[in-house]
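Presented below is the structure to which this report refers.
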Amino acid sequence: MYIVVDIGGTKTRVAGSADLEAFGEPMIFDTPQKYDEGIAAIVEAARTCSMGSSVELISIGAPGVIAPDHRSLATKGNIPDWKDKPLAAEIESALGGKAYMENDTALCGLGEALYGAGKGVDTIMYMTVSTGVGGVRIVHGHIDSPERSAEIGYQYLSIGDPLQRFSDLVSGKAIQKRFGVHPKELGKDHAVWEELARHTAIGVHNSILHWSPDRVVLGGSMFNEIGIPVERVKFHLQGIMRAFRAIPEIVHSQLGDVGGLWGGMARLKQLK
């Protein structure tokens with residue numbers, strides 16, 4: 001049995017796979033802010049998903065920068081109590097299998113490249129806008145430079161005082177702080193979505209200049225029906241692109257909230 005875990009800033013998802021071709025119904029729960037509570041919840045869910053079978057390999061997607069040895073989180077991110085904790089080792093000890101950690105966005109991008117909206121092209125750029133902002137480049141079905149995470153949410157979109165980061169302008173966390181309500185409570189006709197579509201287009205533009213993808217896949221909760229319209233991001237991107245004669249394809253992700261589980265399964269298949 002194989003276990004795939006996707007730890008997000010808001011939700012955690014755990015599923016089991018018997019053959020690395022598909023996975024069972026995921027168990028989904030709020031991500032605990034306390035590390036010990038999080039480990040306990042993941043282990044309990046994994047044991048349920050394994051249905052009594054021995055666990056061979058475990059994929060763990062986690063938010064933020066992964067330590068060089070791929071065993072722990074190196075940054076605080078949205079779950080600060082998890083930083084520098086022996087995440088992979090504790091899950092291995094509890095479940096008995098070998099654990100591999102990757103950045104959660106990287107695994108979502110890998111899932112989209114192999115099973116979702118990125119199929120059929122050599123290079124995709126996956127960008128997620130949800131609690132935070134993340135991105136990854138997938139080349140020929142593999143995570144580009146898996147030994148280190150890309151943190152495109154930290155790019156500055158202004159040179160004024162104070163400097164403003166991409167994630168400070170468009171993330172769900174930033175919008176909730178700005179308006180005092182969950183973003184979906186703003187309604188789909190709120191004027192802020194057009195503003196965020198332009199900000200997102202600028203962030204996408206900058207990342208395209210560095211990564212030159214064949215296709216851009218946009219995912220995460222901020223691109224839901226109440227959220228940033230992908231077509232408006234494409235519209236604004238067409239208006240600001242000067243470096244290339246044409247922009248790459250801009251599409252919405254297809255795997256939804258379980259993209260990280262598909263990516264985790266694909267990563268275990270590559271490592272097996």
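Each chain in the structure tokens gets a letter, A, B, ..., in the order shown, and its residues are numbered from 1; ligands are numbered from 1 in order too.
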Can you tell me, as an mmCIF file with N, CA and C atoms, in the first residue's frame, which residues in segment 141-266 of chain A count as strand (DSSP E) by DSSP?
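The file below, states-v2.cif, is the result:
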```cif
data_model
loop_
_atom_site.group_PDB
_atom_site.id
_atom_site.type_symbol
_atom_site.label_atom_id
_atom_site.label_comp_id
_atom_site.auth_asym_id
_atom_site.auth_seq_id
_atom_site.Cartn_x
_atom_site.Cartn_y
_atom_site.Cartn_z
ATOM 1 N N HIS A 142 8.489 15.925 -15.089
ATOM 2 C CA HIS A 142 9.268 15.896 -13.853
ATOM 3 C C HIS A 142 9.359 17.300 -13.256
ATOM 4 N N ILE A 143 9.425 17.362 -11.925
ATOM 5 C CA ILE A 143 9.597 18.637 -11.240
ATOM 6 C C ILE A 143 10.958 19.206 -11.589
ATOM 7 N N ARG A 215 2.566 26.022 -21.537
ATOM 8 C CA ARG A 215 1.212 26.217 -21.021
ATOM 9 C C ARG A 215 1.296 26.654 -19.562
ATOM 10 N N VAL A 216 0.387 27.546 -19.166
ATOM 11 C CA VAL A 216 0.275 27.988 -17.779
ATOM 12 C C VAL A 216 -1.019 27.430 -17.212
ATOM 13 N N VAL A 217 -0.916 26.708 -16.108
ATOM 14 C CA VAL A 217 -2.084 26.150 -15.436
ATOM 15 C C VAL A 217 -2.292 26.894 -14.135
ATOM 16 N N LEU A 218 -3.461 27.481 -13.965
ATOM 17 C CA LEU A 218 -3.787 28.259 -12.769
ATOM 18 C C LEU A 218 -4.736 27.460 -11.886
ATOM 19 N N GLY A 219 -4.348 27.262 -10.627
ATOM 20 C CA GLY A 219 -5.171 26.491 -9.705
ATOM 21 C C GLY A 219 -5.217 27.114 -8.329
ATOM 22 N N GLU A 249 -0.500 29.222 -23.662
ATOM 23 C CA GLU A 249 -1.865 28.891 -23.254
ATOM 24 C C GLU A 249 -2.044 29.174 -21.763
ATOM 25 N N ILE A 250 -3.177 29.744 -21.402
ATOM 26 C CA ILE A 250 -3.517 29.984 -20.000
ATOM 27 C C ILE A 250 -4.798 29.198 -19.722
ATOM 28 N N VAL A 251 -4.730 28.213 -18.839
ATOM 29 C CA VAL A 251 -5.884 27.353 -18.593
ATOM 30 C C VAL A 251 -6.101 27.167 -17.095
ATOM 31 N N HIS A 252 -7.311 26.785 -16.758
ATOM 32 C CA HIS A 252 -7.649 26.480 -15.364
ATOM 33 C C HIS A 252 -7.269 25.032 -15.064
#
```
>> Taking 2 positions as the minimum chain separation for residues in the same chain, which residues sit within 7 Å of Ala150 of chain A when counting only C-alpha atoms? Answer as a list in words.
In response: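 Answer for this query is Gly135, Val136, Arg148 and Ile152 of chain A.
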>> Neighbouring residues of Lys76 of chain A were defined as those with any atom within 12 Å, considering only C-alpha atoms; residues of the same chain fewer than 3 positions away were excluded. Please report them as a PyMOL selection string.
In response: chain A and resi 9+33+35+62-67+72-73+79-85
> Which residues in segment 78-233 of chain A does DSSP call helix (DSSP H, G or I)? List them as a ChimeraX atom specification.
Replying inline: /A:80-82,87-95,104-115,152-154,166-170,172-179,183-186,192-211,221-223,230-233
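For the set A:Ala89, A:Ala46, A:Leu237, A:Ala94, the residue with the smallest atom-to-atom gap to Asp69 of chain A is A:Ala89, counting only C-alpha atoms.
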